[in-house]
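What follows is the content of query_23.cif (mmCIF, C-alpha atoms and all ligand atoms).
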```cif
data_run
loop_
_atom_site.group_PDB
_atom_site.id
_atom_site.type_symbol
_atom_site.label_atom_id
_atom_site.label_comp_id
_atom_site.auth_asym_id
_atom_site.auth_seq_id
_atom_site.Cartn_x
_atom_site.Cartn_y
_atom_site.Cartn_z
ATOM 1 C CA MET A 293 16.269 -128.563 -118.200
ATOM 2 C CA ASN A 294 14.594 -131.976 -118.167
ATOM 3 C CA ASP A 295 13.002 -133.584 -121.232
ATOM 4 C CA VAL A 296 9.409 -132.876 -120.198
ATOM 5 C CA ILE A 297 9.987 -129.178 -119.655
ATOM 6 C CA LYS A 298 12.063 -128.976 -122.848
ATOM 7 C CA ALA A 299 9.157 -130.517 -124.782
ATOM 8 C CA MET A 300 6.734 -128.032 -123.229
ATOM 9 C CA LEU A 301 8.915 -125.142 -124.311
ATOM 10 C CA GLU A 302 9.569 -126.484 -127.798
ATOM 11 C CA ARG A 303 6.060 -127.632 -128.841
ATOM 12 C CA ARG A 304 4.574 -125.350 -131.492
ATOM 13 C CA SER A 305 1.324 -125.320 -133.423
ATOM 14 C CA CYS A 306 1.707 -126.892 -136.849
ATOM 15 C CA ARG A 307 -0.359 -125.417 -139.692
ATOM 16 C CA LYS A 308 0.830 -127.454 -142.678
ATOM 17 C CA TYR A 309 0.806 -131.256 -142.813
ATOM 18 C CA LYS A 310 2.024 -133.975 -145.137
ATOM 19 C CA PRO A 311 -0.800 -136.252 -146.298
ATOM 20 C CA GLU A 312 0.976 -139.352 -144.900
ATOM 21 C CA GLN A 313 -0.950 -140.955 -142.024
ATOM 22 C CA ILE A 314 0.666 -141.180 -138.577
ATOM 23 C CA LYS A 315 1.716 -144.543 -137.177
ATOM 24 C CA ASP A 316 -0.915 -146.319 -135.115
ATOM 25 C CA GLU A 317 1.594 -146.991 -132.322
ATOM 26 C CA ASP A 318 2.168 -143.230 -132.051
ATOM 27 C CA LEU A 319 -1.562 -142.539 -132.073
ATOM 28 C CA GLN A 320 -2.093 -145.058 -129.269
ATOM 29 C CA GLN A 321 0.619 -143.448 -127.129
ATOM 30 C CA ILE A 322 -0.874 -139.998 -127.720
ATOM 31 C CA LEU A 323 -4.332 -141.232 -126.695
ATOM 32 C CA GLU A 324 -2.854 -142.871 -123.608
ATOM 33 C CA ALA A 325 -1.269 -139.537 -122.644
ATOM 34 C CA GLY A 326 -4.698 -137.924 -123.107
ATOM 35 C CA LYS A 327 -6.348 -140.498 -120.842
ATOM 36 C CA TYR A 328 -3.955 -139.703 -118.020
ATOM 37 C CA ALA A 329 -4.668 -135.963 -117.876
ATOM 38 C CA ALA A 330 -5.900 -134.852 -114.490
ATOM 39 C CA THR A 331 -9.686 -134.398 -114.328
ATOM 40 C CA GLY A 332 -11.914 -132.766 -111.761
ATOM 41 C CA HIS A 333 -12.811 -135.312 -109.049
ATOM 42 C CA GLY A 334 -11.063 -137.915 -111.208
ATOM 43 C CA TRP A 335 -14.335 -138.186 -113.150
ATOM 44 C CA GLN A 336 -12.540 -138.637 -116.482
ATOM 45 C CA SER A 337 -15.270 -136.522 -118.041
ATOM 46 C CA PRO A 338 -13.705 -136.145 -121.512
ATOM 47 C CA LYS A 339 -14.067 -138.379 -124.530
ATOM 48 C CA MET A 340 -11.606 -138.533 -127.406
ATOM 49 C CA VAL A 341 -13.037 -139.287 -130.834
ATOM 50 C CA VAL A 342 -10.380 -140.417 -133.299
ATOM 51 C CA ILE A 343 -11.184 -139.463 -136.873
ATOM 52 C CA GLN A 344 -8.993 -140.653 -139.737
ATOM 53 C CA ASN A 345 -11.690 -141.189 -142.351
ATOM 54 C CA PRO A 346 -10.892 -138.522 -144.999
ATOM 55 C CA GLU A 347 -14.595 -138.010 -145.808
ATOM 56 C CA ILE A 348 -15.509 -137.316 -142.189
ATOM 57 C CA ILE A 349 -12.479 -135.039 -141.761
ATOM 58 C CA ALA A 350 -13.515 -133.128 -144.912
ATOM 59 C CA LYS A 351 -17.076 -132.787 -143.626
ATOM 60 C CA LEU A 352 -15.930 -131.495 -140.224
ATOM 61 C CA SER A 353 -13.429 -129.161 -141.878
ATOM 62 C CA LYS A 354 -16.124 -127.658 -144.128
ATOM 63 C CA TRP A 355 -18.434 -127.231 -141.165
ATOM 64 C CA ASN A 356 -15.698 -125.650 -139.050
ATOM 65 C CA ALA A 357 -14.802 -123.274 -141.908
ATOM 66 C CA GLN A 358 -18.452 -122.293 -142.254
ATOM 67 C CA ILE A 359 -18.660 -121.414 -138.548
ATOM 68 C CA MET A 360 -15.471 -119.365 -138.900
ATOM 69 C CA GLY A 361 -16.716 -117.751 -142.125
ATOM 70 C CA VAL A 362 -13.766 -118.827 -144.289
ATOM 71 C CA LYS A 363 -13.293 -121.122 -147.272
ATOM 72 C CA SER A 364 -9.844 -122.500 -146.344
ATOM 73 C CA ASP A 365 -9.264 -125.840 -144.560
ATOM 74 C CA PRO A 366 -9.158 -125.098 -140.806
ATOM 75 C CA PHE A 367 -7.505 -128.517 -140.249
ATOM 76 C CA TYR A 368 -4.564 -127.638 -142.521
ATOM 77 C CA GLY A 369 -4.640 -131.010 -144.307
ATOM 78 C CA ALA A 370 -3.909 -133.009 -141.141
ATOM 79 C CA PRO A 371 -4.658 -136.724 -141.680
ATOM 80 C CA THR A 372 -5.803 -137.340 -138.073
ATOM 81 C CA VAL A 373 -8.242 -135.380 -135.956
ATOM 82 C CA ILE A 374 -8.878 -136.172 -132.307
ATOM 83 C CA LEU A 375 -12.084 -134.471 -131.321
ATOM 84 C CA VAL A 376 -12.164 -133.868 -127.580
ATOM 85 C CA LEU A 377 -15.581 -133.664 -125.969
ATOM 86 C CA ALA A 378 -16.455 -133.464 -122.303
ATOM 87 C CA ASP A 379 -19.458 -134.474 -120.263
ATOM 88 C CA ALA A 380 -21.567 -131.319 -119.985
ATOM 89 C CA THR A 381 -23.087 -132.478 -116.703
ATOM 90 C CA LYS A 382 -19.728 -132.140 -114.954
ATOM 91 C CA PRO A 383 -18.770 -128.679 -113.658
ATOM 92 C CA THR A 384 -15.158 -129.187 -114.738
ATOM 93 C CA ALA A 385 -15.961 -130.392 -118.269
ATOM 94 C CA VAL A 386 -14.167 -127.643 -120.197
ATOM 95 C CA GLN A 387 -11.143 -127.634 -117.891
ATOM 96 C CA ASP A 388 -10.872 -131.428 -118.115
ATOM 97 C CA GLY A 389 -11.133 -131.420 -121.896
ATOM 98 C CA SER A 390 -8.597 -128.617 -122.202
ATOM 99 C CA LEU A 391 -6.052 -130.524 -120.164
ATOM 100 C CA VAL A 392 -6.578 -133.585 -122.352
ATOM 101 C CA MET A 393 -5.922 -131.355 -125.374
ATOM 102 C CA GLY A 394 -2.693 -130.151 -123.770
ATOM 103 C CA ASN A 395 -1.539 -133.699 -123.114
ATOM 104 C CA LEU A 396 -2.337 -134.757 -126.679
ATOM 105 C CA MET A 397 -0.342 -131.899 -128.206
ATOM 106 C CA LEU A 398 2.612 -132.408 -125.905
ATOM 107 C CA ALA A 399 2.685 -136.169 -126.473
ATOM 108 C CA ALA A 400 2.507 -135.602 -130.224
ATOM 109 C CA HIS A 401 5.460 -133.232 -130.068
ATOM 110 C CA SER A 402 7.470 -135.703 -127.993
ATOM 111 C CA LEU A 403 6.999 -138.262 -130.785
ATOM 112 C CA GLY A 404 8.102 -135.856 -133.519
ATOM 113 C CA LEU A 405 4.578 -135.160 -134.774
ATOM 114 C CA GLY A 406 2.925 -131.829 -135.456
ATOM 115 C CA SER A 407 -0.318 -130.837 -133.794
ATOM 116 C CA CYS A 408 -2.631 -127.882 -133.433
ATOM 117 C CA TRP A 409 -5.695 -127.082 -131.350
ATOM 118 C CA ILE A 410 -8.517 -126.214 -133.731
ATOM 119 C CA ASN A 411 -11.389 -124.378 -132.144
ATOM 120 C CA ARG A 412 -15.151 -124.240 -132.728
ATOM 121 C CA ALA A 413 -15.905 -127.771 -131.501
ATOM 122 C CA LYS A 414 -18.212 -126.108 -128.978
ATOM 123 C CA GLU A 415 -20.325 -124.533 -131.723
ATOM 124 C CA GLU A 416 -20.333 -127.715 -133.835
ATOM 125 C CA PHE A 417 -21.542 -130.036 -131.112
ATOM 126 C CA ALA A 418 -24.066 -127.634 -129.611
ATOM 127 C CA THR A 419 -26.145 -128.014 -132.798
ATOM 128 C CA GLU A 420 -28.748 -130.676 -133.519
ATOM 129 C CA GLU A 421 -26.572 -131.870 -136.415
ATOM 130 C CA GLY A 422 -23.692 -132.325 -133.995
ATOM 131 C CA LYS A 423 -25.837 -134.255 -131.529
ATOM 132 C CA VAL A 424 -27.024 -136.569 -134.347
ATOM 133 C CA LEU A 425 -23.406 -137.171 -135.356
ATOM 134 C CA LEU A 426 -22.455 -138.086 -131.781
ATOM 135 C CA LYS A 427 -25.359 -140.556 -131.643
ATOM 136 C CA GLN A 428 -24.186 -142.099 -134.916
ATOM 137 C CA TRP A 429 -20.763 -142.541 -133.325
ATOM 138 C CA GLY A 430 -22.360 -144.266 -130.336
ATOM 139 C CA ILE A 431 -21.864 -141.358 -127.950
ATOM 140 C CA GLU A 432 -24.883 -140.982 -125.708
ATOM 141 C CA GLY A 433 -25.407 -138.173 -123.208
ATOM 142 C CA ASP A 434 -24.770 -134.467 -123.136
ATOM 143 C CA TYR A 435 -21.320 -133.579 -124.462
ATOM 144 C CA ILE A 436 -19.619 -130.225 -125.028
ATOM 145 C CA GLY A 437 -17.140 -129.884 -127.873
ATOM 146 C CA VAL A 438 -13.812 -128.736 -126.365
ATOM 147 C CA GLY A 439 -11.426 -128.825 -129.296
ATOM 148 C CA HIS A 440 -10.046 -130.706 -132.279
ATOM 149 C CA CYS A 441 -6.448 -131.811 -131.917
ATOM 150 C CA VAL A 442 -5.173 -132.213 -135.459
ATOM 151 C CA LEU A 443 -2.134 -134.425 -135.924
ATOM 152 C CA GLY A 444 0.311 -135.330 -138.646
ATOM 153 C CA TYR A 445 3.840 -134.963 -139.939
ATOM 154 C CA PRO A 446 4.761 -131.286 -140.288
ATOM 155 C CA ASP A 447 5.312 -130.126 -143.858
ATOM 156 C CA GLY A 448 8.084 -127.570 -143.393
ATOM 157 C CA ASN A 449 9.461 -125.819 -140.366
ATOM 158 C CA LEU A 450 7.306 -124.771 -137.457
ATOM 159 C CA PRO A 451 7.164 -121.113 -136.449
ATOM 160 C CA LYS A 452 9.278 -119.819 -133.565
ATOM 161 C CA ALA A 453 7.570 -119.165 -130.247
ATOM 162 C CA ALA A 454 6.455 -115.601 -129.644
ATOM 163 C CA PRO A 455 8.363 -113.865 -126.868
ATOM 164 C CA ARG A 456 6.619 -114.326 -123.535
ATOM 165 C CA LYS A 457 4.874 -111.369 -121.912
ATOM 166 C CA ASP A 458 6.971 -109.567 -119.324
ATOM 167 C CA ASP A 459 4.063 -109.500 -116.874
ATOM 168 C CA TYR A 460 3.051 -113.165 -117.322
ATOM 169 C CA VAL A 461 3.948 -113.931 -113.734
ATOM 170 C CA VAL A 462 2.889 -111.927 -110.741
ATOM 171 C CA THR A 463 4.634 -112.789 -107.516
ATOM 172 C CA VAL A 464 2.838 -111.709 -104.407
ATOM 173 C CA LYS A 465 5.023 -111.060 -101.420
HETATM 174 C C1 LIG B 501 -8.232 -122.648 -127.058
HETATM 175 C C2 LIG B 501 -7.366 -122.593 -128.292
HETATM 176 C C3 LIG B 501 -7.954 -122.487 -129.533
HETATM 177 C C4 LIG B 501 -7.165 -122.463 -130.683
HETATM 178 N N1 LIG B 501 -7.764 -122.447 -131.921
HETATM 179 C C5 LIG B 501 -6.999 -122.449 -133.032
HETATM 180 C C6 LIG B 501 -7.597 -122.522 -134.313
HETATM 181 O O1 LIG B 501 -8.809 -122.617 -134.457
HETATM 182 N N2 LIG B 501 -6.781 -122.518 -135.386
HETATM 183 C C7 LIG B 501 -5.426 -122.436 -135.270
HETATM 184 O O2 LIG B 501 -4.740 -122.421 -136.291
HETATM 185 N N3 LIG B 501 -4.822 -122.402 -134.068
HETATM 186 C C8 LIG B 501 -5.583 -122.423 -132.948
HETATM 187 N N4 LIG B 501 -4.983 -122.436 -131.711
HETATM 188 C C9 LIG B 501 -3.517 -122.426 -131.612
HETATM 189 C C10 LIG B 501 -2.993 -121.064 -131.157
HETATM 190 O O3 LIG B 501 -3.180 -120.119 -132.170
HETATM 191 C C11 LIG B 501 -1.522 -121.239 -130.767
HETATM 192 O O4 LIG B 501 -1.433 -122.099 -129.671
HETATM 193 C C12 LIG B 501 -0.889 -119.887 -130.421
HETATM 194 O O5 LIG B 501 -0.803 -119.082 -131.553
HETATM 195 C C13 LIG B 501 0.500 -120.069 -129.816
HETATM 196 O O6 LIG B 501 1.327 -120.793 -130.692
HETATM 197 P P1 LIG B 501 2.035 -122.156 -130.258
HETATM 198 O O7 LIG B 501 0.948 -123.179 -130.038
HETATM 199 O O8 LIG B 501 2.908 -122.500 -131.417
HETATM 200 O O9 LIG B 501 2.779 -121.895 -129.023
HETATM 201 C C14 LIG B 501 -5.755 -122.496 -130.567
HETATM 202 C C15 LIG B 501 -5.169 -122.620 -129.302
HETATM 203 C C16 LIG B 501 -5.954 -122.692 -128.175
HETATM 204 C C17 LIG B 501 -5.296 -122.884 -126.837
#
```
Once you've parsed the file, please lay out its structure as structure tokens.
Ligand SMILES: Cc1cc2nc3c(=O)[nH]c(=O)nc-3n(C[C@H](O)[C@H](O)[C@H](O)COP(=O)(O)O)c2cc1C
Amino acid sequence: MNDVIKAMLERRSCRKYKPEQIKDEDLQQILEAGKYAATGHGWQSPKMVVIQNPEIIAKLSKWNAQIMGVKSDPFYGAPTVILVLADATKPTAVQDGSLVMGNLMLAAHSLGLGSCWINRAKEEFATEEGKVLLKQWGIEGDYIGVGHCVLGYPDGNLPKAAPRKDDYVVTVK
């Protein structure tokens, strides 16, 4: 098995992070991997918003928890959040953003970092509050929230992969 496929099989969602920040050189490589995801028509419709400011992470976490109806930290203490948005005017926005998310998580794993897709970005950035936040960050236009890729050093072992479904693949003859 080659290294890329091995990484795909071994990546797992991390749900407990050390507070230590990730190295900027790792972050830059992860973002570069995100930029090179395939996009519909090559439009590069997604945007990646890097958030390392603890106050902003705490605010987003509280908001995300509220949407989910829980009091726990949905970001699991991760010191870096990459919020992936995609241009709502493009028909492939969600697919494009999802592929960026996949690249980010895989790149993080390849560098020995933990990651997890955290949902509810769609709900957050469909609100007026979300739109105001995007404006404050200098993001103009109509953007859909696709996901938050949280990143950091895993605190403890990652769970084992669930067995794959027997009927995952259908071969038509
Ligand atoms: C679209 C999507 C949304 C997800 N949202 C969350 C989430 O909000 N919180 C979370 O802990 N994990 C979330 N996950 C991670 C999944 O729970 C995880 O990928 C799944 O359990 C399989 O585990 P693995 O990533 O270790 O293979 C999400 C994954 C995807 C693809």
Open item on the list: For ligand LIG 501 (chain B), return the neighbouring residues as a ChimeraX atom specification (distance at most 7 Å; all atoms listed in the file).
Closed with: /A:303-305,307,366,408-412,451,453
Just the residues within 12 Å of Val342 (chain A), please, counting only C-alpha atoms, with nothing from its chain fewer than 4 positions along; format it as a JSON list (two decimals) with C-alpha atoms, keeping the file's coordinate frame.
```
[["chain", "number", "residue", "atom", "x", "y", "z"],
["A", 316, "ASP", "CA", -0.92, -146.32, -135.12],
["A", 319, "LEU", "CA", -1.56, -142.54, -132.07],
["A", 320, "GLN", "CA", -2.09, -145.06, -129.27],
["A", 322, "ILE", "CA", -0.87, -140.00, -127.72],
["A", 323, "LEU", "CA", -4.33, -141.23, -126.70],
["A", 326, "GLY", "CA", -4.70, -137.92, -123.11],
["A", 346, "PRO", "CA", -10.89, -138.52, -145.00],
["A", 348, "ILE", "CA", -15.51, -137.32, -142.19],
["A", 349, "ILE", "CA", -12.48, -135.04, -141.76],
["A", 371, "PRO", "CA", -4.66, -136.72, -141.68],
["A", 372, "THR", "CA", -5.80, -137.34, -138.07],
["A", 373, "VAL", "CA", -8.24, -135.38, -135.96],
["A", 374, "ILE", "CA", -8.88, -136.17, -132.31],
["A", 375, "LEU", "CA", -12.08, -134.47, -131.32],
["A", 376, "VAL", "CA", -12.16, -133.87, -127.58],
["A", 377, "LEU", "CA", -15.58, -133.66, -125.97],
["A", 396, "LEU", "CA", -2.34, -134.76, -126.68],
["A", 429, "TRP", "CA", -20.76, -142.54, -133.32],
["A", 440, "HIS", "CA", -10.05, -130.71, -132.28],
["A", 441, "CYS", "CA", -6.45, -131.81, -131.92],
["A", 442, "VAL", "CA", -5.17, -132.21, -135.46],
["A", 443, "LEU", "CA", -2.13, -134.43, -135.92]]
```
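The space separating CA of Ala399 (chain A) from CA of Gln321 (chain A) comes to 7.6 Å.
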Task: Explicit residue set for the PyMOL selection byres (((chain A and resi 302) around 10) and not hetatm), as a VMD selection string - done: chain A and resid 296 to 301 303 to 304 398 401 to 402 452 to 453
Open item on the list: Between A:Asn449, A:Asn345, A:Thr331, A:Asn294, which residue has the minimum interatomic distance to Leu405 (chain A), considering only C-alpha atoms?
Closed with: A:Asn449
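Across the structure, CA of Lys339 (chain A) and CA of Ala378 (chain A) are spaced 5.9 Å apart.
Atom to atom, CA of Glu420 (chain A) and CA of Gly334 (chain A) stand 29.4 Å apart.
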